[in-house]
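J.: This is the structure I have questions about; it appears just below.
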Protein chains: 2
Amino acid sequence: MGGSSRRARLERPMSEQHITPRAKDYAQWYQDVIAAAQLAEPANVVRGCMVVRPHGWAIWEKLQAELDRRFKETGHQNAAFPLLIPLSFLQKEAQHATGFAMECAVVTHAGLRNVDGKIELKGELEEPYVVRPTSETIIGHFFSKWIDSYRDLPMLLNQWCNVMRWELRTRLFLRTGEFWWQEGHTAHASHQEAMEEVMRMLDVYREVYHDVLAVPVIRGRKTANERFAGALETFCVEAMMQDGKSLQGATSHDLGQNFGKAFNVTFQNKEGVRDFVWQTSWGSSTRMIGALIMAHSDDGGLVLPPKLAPIHVAIVPIWKSDAEKAQVLEASDKLARELRADGLSVKLDDRDAMRPGEKYYEWERKGVPVRLEVGPRDVASGTAMAKTRISDSKDKVKLPFDEIGVHVGKLLDQVQRTLFERALAFRQSNLTKVDAWSDFEAVFAEQGSKFVLAHWDGTTETELAIKEATKATIRCIPLSDEGLDDGPGKCVKTLKPSAQRVLFAKNY
Amino acid sequence: MGGSSRRARLERPMSEQHITPRAKDYAQWYQDVIAAAQLAEPANVVRGCMVVRPHGWAIWEKLQAELDRRFKETGHQNAAFPLLIPLSFLQKEAQHATGFAMECAVVTHAGLRNVDGKIELKGELEEPYVVRPTSETIIGHFFSKWIDSYRDLPMLLNQWCNVMRWELRTRLFLRTGEFWWQEGHTAHASHQEAMEEVMRMLDVYREVYHDVLAVPVIRGRKTANERFAGALETFCVEAMMQDGKSLQGATSHDLGQNFGKAFNVTFQNKEGVRDFVWQTSWGSSTRMIGALIMAHSDDGGLVLPPKLAPIHVAIVPIWKSDAEKAQVLEASDKLARELRADGLSVKLDDRDAMRPGEKYYEWERKGVPVRLEVGPRDVASGTAMAKTRISDSKDKVKLPFDEIGVHVGKLLDQVQRTLFERALAFRQSNLTKVDAWSDFEAVFAEQGSKFVLAHWDGTTETELAIKEATKATIRCIPLSDEGLDDGPGKCVKTLKPSAQRVLFAKNY
């Protein structure tokens with residue numbers, strides 16, 4: 001059985017077969033996990049861009065739904081602004097902010113013509129456009145048209161879209177030319193109200209990381225050096241990956257009145273005086289998929305938190321004779337229908353030309369949280385053997401057909417909870433307070449990274465010197481309610497006074 | 001009450017206040033309806049593009065959900081392909097197809113630099129990219145990587161994305177530079193299976209038009225002249241607008257092996273022989289919002305089918321004294337909570353500084369299907385006055401607070417049904433069989449249009465001559481099960497033999 005199918009599979013690229021162990025080559029492991037789960041692949045023909053394949057996009061759709069629901073519950077509405085931004089808008093921004101992204105795709109022509117079978121450009125534009133790297137400028141322009149009075153405030157918008165940055169070194173999900181994200185843009189009548197929004201959305205991101213991705217994060221403030229160009233303050237959530245590096249999970253910016261001034265977004269306040277609006281922006285992207293891969297997956301491939309799994313349960317029927325086949329398929333189909341009725345997404349893998357072990361292997365690599373095996377003896381006893389994606393292969397449990405949805409639901413809850421607890425325990429064991437420079441250097445020697453809480457004198461100069469020496473950067477200045485601070489001290493590098501410990505790590 | 005608010009509103013652009021009657025200027029009416037409902041506006045600073053505002057985008061999200069559910073039920077998966085397409089891909093396509101869209105945005109540079117405060121282009125690309133006008137070429141490229149055997153078929157993908165065509169004459173929703181759509185792309189092992197897919201998706205579009213948009217459509221085949229470049233056959237659904245013109249609502253293409261040959265998408269069939277795959281593509285876009293506006297709206301503004309209404313019910317409390325206010329707000333709030341518990345989207349309009357009549361006017365212009373008025377006498381009697389968006393203002397019904405969700409649900413069903421019946425009756429009264437050329441000319445004289453079923457000799461020459469003379473084009477050759485054909489006859493223009501009647505109309 002299945003001989004020709006196995007041959008066909010072996011002819012496939014090694015990348016879809018073999019997963020390099022983490023301990024051997026973490027970067028290669030990451031790529032292998034993505035390839036083996038068919039989440040995405042480099043576009044190659046479009047420099048630095050990626051194709052997100054159905055299994056990857058299905059995860060993104062689930063994540064979008066979780067975020068979008070929370071954005072709407074906090075009063076935001078979605079809208080869509082143009083993909084292209086006039087060059088003059090960036091010129092305006094340049095006068096108010098420095099250091100914004102200059103690596104972007106530029107549209108200079110508006111058409112093609114076919115000259116004797118060869119395609120040439122036509123219609124050179126008077127003013128070029130850039131493909132949006134982010135939309136503060138163009139949204140600022142429309143805010144100035146829509147906002148006139150305090151009655152129009154707050155304006156609370158969000159956009160789901162693709163953006164593009166011409167990155168030199170790319171990595172699937174983590175950093176690609178084109179990526180998909182949401183960008184929230186809001187305008188307020190006071191700085192205090194804007195700050196409440198900034199923190200509210202930061203907390204939404206934390207909630208989604210904790211409750212949905214099952215990835216613990218630390219909330220904090222960026223240093224001036226790591227801040228978004230044009231923001232007064234940038235806040236972020238930082239997550240630890242399995243190699244001890246940090247991944248910036250989402251950002252929330254206090255834009256002050258900077259964009260209001262650049263794009264003349266004014267309003268008449270309650271006292272009848274015109275003032276510039278106070279703006280915020282906040283974003284999260286397909287990068288989150290990179291975060292969840294690197295936080296949970298193992299040498300067997302992708303591990304997904306059930307809340308983001310496109311398939312919750314894979315049912316693998318096991319048979320030898322045709323009579324057995326009819327029997328196990330009937331029972332499997334009944335289980336599938338019951339589980340679906342309970343709102344679960346189920347794959348009944350009834351492929352003929354594959355052995356059960358091959359099927360197990362495939363669903364494991366794709367991160368399906370629960371597998372049910374149904375053989376003739378299981379049918380006879382009215383039970384199925386269940387294995388979760390994160391339990392040992394010996395560690396199977398027998399579940400009764402009766403109320404199968406309840407039992408599987410419990411397993412899914414357990415996987416979701418265990419993933420978070422496991423990631424949190426890993427972070428706790430790799431988070432350390434360091435006071436001596438030699439200890440600091442030791443943590444970050446070679447490929448190493450941990451989360452290091454250390455004192456810093458508050459200057460960009462010292463920040464850069466530490467980065468130069470160790471490749472570790474200040475990921476954030478943790479918020480006080482993260483409970484990571486223990487008061488003032490002396491800078492780990494310069495011994496100058498420091499108000500509080502900050503979080504150092506190598507980062508993605 | 002509300003004096004300053006009214007002043008503020010009067011200072012707003014006339015476009016948001018006044019709706020030109022259809023009879024006076026249909027094109028202006030269309031723009032006015034969109035502005036008054038705040039659905040979208042021209043981007044202006046980005047040539048030919050639009051901004052879709054929250055109320056418009058919320059309609060699109062509902063429409064997406066309805067389509068997406070049906071795509072998934074018919075076995076399709078979503079994926080995401082790059083925004084940019086290498087110029088060489090269009091070159092390949094040009095060798096296999098002629099007449100494809102040449103009016104597209106071209107990216108020639110990969111960055112900007114700040115030279116003394118002035119922004120200049122940098123990083124000229126060796127090979128330019130176009131911003132996708134559609135994705136057959138790039139998806140063909142990836143199909144050739146992913147498809148190797150009949151076991152990989154059918155491959156059933158869909159993409160939700162933005163696309164761009166550099167249109168000279170633009171109109172909100174109907175034709176803009178950038179627009180949002182879905183494009184299905186599938187590959188099959190046989191032409192027959194591909195054709196089944198083409199017709200299956202055409203029927204999905206019809207179902208969504210009929211059951212969701214409440215707009216009746218006619219399914220048909222395009223003539224060679226109106227066919228998608230590179231397709232063997234293009235099928236479409238055509239809807240009648242209130243001016244008698246036709247709007248192409250969605251298309252479904254039989255691509256044959258054309259793209260398979262251009263991008264070398266081959267597979268080994270069951271007999272072990274390599275062959276090119278048979279492909280289809282099918283799409284629908286934000287244009288559907290234009291269709292539903294022009295099919296249902298009236299001189300009072302937007303009319304929405306309840307299944308696409310972002311707000312189902314607007315509750316307007318009515319009070320004079322503070323005591324009355326407390327009382328009606330409490331009752332209104334209770335109603336809102338009950339309706340929401342029944343899955344309805346409810347706006348409780350408790351704004352202080354506006355009179356009830358102004359509120360009615362606003363929700364009418366935004367197309368909210370049901371309005372509930374709650375005054376002190378209503379509270380006393382335990383009832384609310386309900387008015388649907390399409391009933392006369394005298395035609396209000398009294399609904400008991402008790403089981404309010406059931407009563408409102410019935411009204412919503414009634415509005416949904418009535419909209420479809422009204423649009424179908426309108427189409428029936430404006431669909432006519434014409435045999436004499438003078439009658440044909442009369443129908444299309446001046447601004448006029450109807451749906452005309454007439455005989456045609458099957459040549460592009462005659463098709464173009466008719467268009468030249470009347471501006472009417474062949475919208476489609478109706479499918480036989482549309483029941484519109486009555487056998488062979490003589491061409492309305494040339495009197496040459498004709499196999500069946502075809503559908504003529506002016507079009508959007």
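Each chain of the structure tokens is named A, B, ... in the order shown, its residues numbered from 1; ligands are numbered from 1 in display order.
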Find the nearest atom pair between each residue of region 335-399 of chain A and region 408-419 of chain A for residues within 10 Å, count only C-alpha atoms, give distances in Å to one decimal, sort rows by chain and ascending number, and present the table as a Markdown table.

T.:
| residue | atom | partner | partner_atom | distance |
| --- | --- | --- | --- | --- |
| A:Leu339 | CA | A:Val408 | CA | 8.2 |
| A:Asp342 | CA | A:Gly409 | CA | 8.9 |
| A:Gly343 | CA | A:Gly409 | CA | 10.0 |
| A:Leu344 | CA | A:Gly409 | CA | 8.6 |
| A:Pro369 | CA | A:Leu412 | CA | 6.9 |
| A:Val370 | CA | A:Leu412 | CA | 7.2 |
| A:Arg371 | CA | A:Val408 | CA | 9.6 |
| A:Leu372 | CA | A:Val408 | CA | 9.3 |
| A:Ala386 | CA | A:Val408 | CA | 8.4 |
| A:Lys387 | CA | A:Leu411 | CA | 9.0 |
| A:Thr388 | CA | A:Leu411 | CA | 7.3 |
| A:Arg389 | CA | A:Val415 | CA | 8.1 |
| A:Ile390 | CA | A:Val415 | CA | 7.3 |
| A:Ser391 | CA | A:Val415 | CA | 9.0 |
| A:Val397 | CA | A:Leu411 | CA | 9.9 |
| A:Leu399 | CA | A:Val408 | CA | 8.2 |

J.: For chain B, work out the contacting residues on chain A at 7 Å, counting only C-alpha atoms, and write them as a ChimeraX atom specification.

T.: /A:46,49-54,57,77-82,84-86,91,102-113,118-119,166

J.: So the first atom is CA of Ser285 (chain A) and the second is CA of Cys236 (chain A); what is the distance between them in Å, to one decimal place?

T.: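 Between these atoms lies a distance of 13.2 Å.
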
J.: Do a neighbour search on region 256-269 of chain A at 7 Å with only C-alpha atoms, toss out local chain neighbours closer than 6 positions, and write the hits as a list in words.

T.: Lys92, Glu93, His96, Gly140, His141, Phe143, Ser144, Ile147, Asp148, Ser149, Tyr150, His191, Gly230, Ala231, Leu232, Asp275, Phe276, Val277, Trp278 and Gln279 of chain A

J.: Emit the selected residues as a PDB file, in the first residue's frame, including C-alpha atoms.

T.:
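Result went into again38.pdb, see below:
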ATOM      1  CA  LYS A  92       6.596  67.097   4.375  1.00  0.00           C
ATOM      2  CA  GLU A  93       7.288  64.356   6.863  1.00  0.00           C
ATOM      3  CA  HIS A  96       9.088  67.149  10.861  1.00  0.00           C
ATOM      4  CA  GLY A 140      -2.700  62.544   8.245  1.00  0.00           C
ATOM      5  CA  HIS A 141      -3.785  64.162   4.994  1.00  0.00           C
ATOM      6  CA  PHE A 143      -7.567  63.476   8.977  1.00  0.00           C
ATOM      7  CA  SER A 144      -7.019  67.126   8.045  1.00  0.00           C
ATOM      8  CA  ILE A 147     -11.501  66.664  11.470  1.00  0.00           C
ATOM      9  CA  ASP A 148     -12.753  70.117  12.213  1.00  0.00           C
ATOM     10  CA  SER A 149     -14.164  70.170  15.733  1.00  0.00           C
ATOM     11  CA  TYR A 150     -13.705  68.410  19.045  1.00  0.00           C
ATOM     12  CA  HIS A 191      -2.283  64.349  25.016  1.00  0.00           C
ATOM     13  CA  GLY A 230       8.274  61.157  14.445  1.00  0.00           C
ATOM     14  CA  ALA A 231       6.993  59.649  17.697  1.00  0.00           C
ATOM     15  CA  LEU A 232       7.373  61.215  21.114  1.00  0.00           C
ATOM     16  CA  ASP A 275      -5.270  73.333  18.164  1.00  0.00           C
ATOM     17  CA  PHE A 276      -3.403  70.491  16.507  1.00  0.00           C
ATOM     18  CA  VAL A 277      -4.744  66.994  17.227  1.00  0.00           C
ATOM     19  CA  TRP A 278      -2.800  64.458  19.302  1.00  0.00           C
ATOM     20  CA  GLN A 279      -2.220  61.279  17.334  1.00  0.00           C
TER      21      GLN A 279
END

J.: List the neighbours of region 28-34 of chain B out to 8 Å using only C-alpha atoms; skip same-chain residues closer than 2 positions along the sequence, and give me the result as a PDB file with C-alpha atoms, in the first residue's frame.

T.:
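Resulting contents of around_5.pdb:
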ATOM      1  CA  SER B  15     -21.934  67.070  -0.869  1.00  0.00           C
ATOM      2  CA  GLU B  16     -22.620  65.613   2.559  1.00  0.00           C
ATOM      3  CA  HIS B  18     -27.687  67.362  -0.452  1.00  0.00           C
ATOM      4  CA  ILE B  19     -28.622  64.414  -2.615  1.00  0.00           C
ATOM      5  CA  THR B  20     -29.435  65.265  -6.226  1.00  0.00           C
ATOM      6  CA  PRO B  21     -32.615  63.404  -7.337  1.00  0.00           C
ATOM      7  CA  ARG B  22     -32.056  60.461  -9.685  1.00  0.00           C
ATOM      8  CA  ASP B  25     -28.839  63.716 -12.734  1.00  0.00           C
ATOM      9  CA  TYR B  26     -28.282  60.031 -12.129  1.00  0.00           C
ATOM     10  CA  ALA B  36     -23.898  61.478   2.219  1.00  0.00           C
ATOM     11  CA  ALA B  37     -23.415  57.969   3.591  1.00  0.00           C
ATOM     12  CA  GLN B  38     -19.677  58.590   4.000  1.00  0.00           C
ATOM     13  CA  LEU B  39     -18.854  55.391   2.144  1.00  0.00           C
ATOM     14  CA  ALA B  40     -15.809  56.578   0.232  1.00  0.00           C
ATOM     15  CA  GLU B  41     -14.212  59.564  -1.419  1.00  0.00           C
ATOM     16  CA  LEU B 172     -16.001  55.567  -6.914  1.00  0.00           C
ATOM     17  CA  ILE B 293     -25.904  51.347  -4.341  1.00  0.00           C
ATOM     18  CA  MET B 294     -27.226  51.759  -7.866  1.00  0.00           C
ATOM     19  CA  SER B 297     -30.732  53.412  -3.176  1.00  0.00           C
ATOM     20  CA  ASP B 299     -33.372  60.016  -3.474  1.00  0.00           C
ATOM     21  CA  GLY B 301     -29.718  58.187   0.118  1.00  0.00           C
ATOM     22  CA  LEU B 302     -28.291  54.752   0.645  1.00  0.00           C
ATOM     23  CA  ARG B 365     -28.817  58.487   4.368  1.00  0.00           C
TER      24      ARG B 365
END
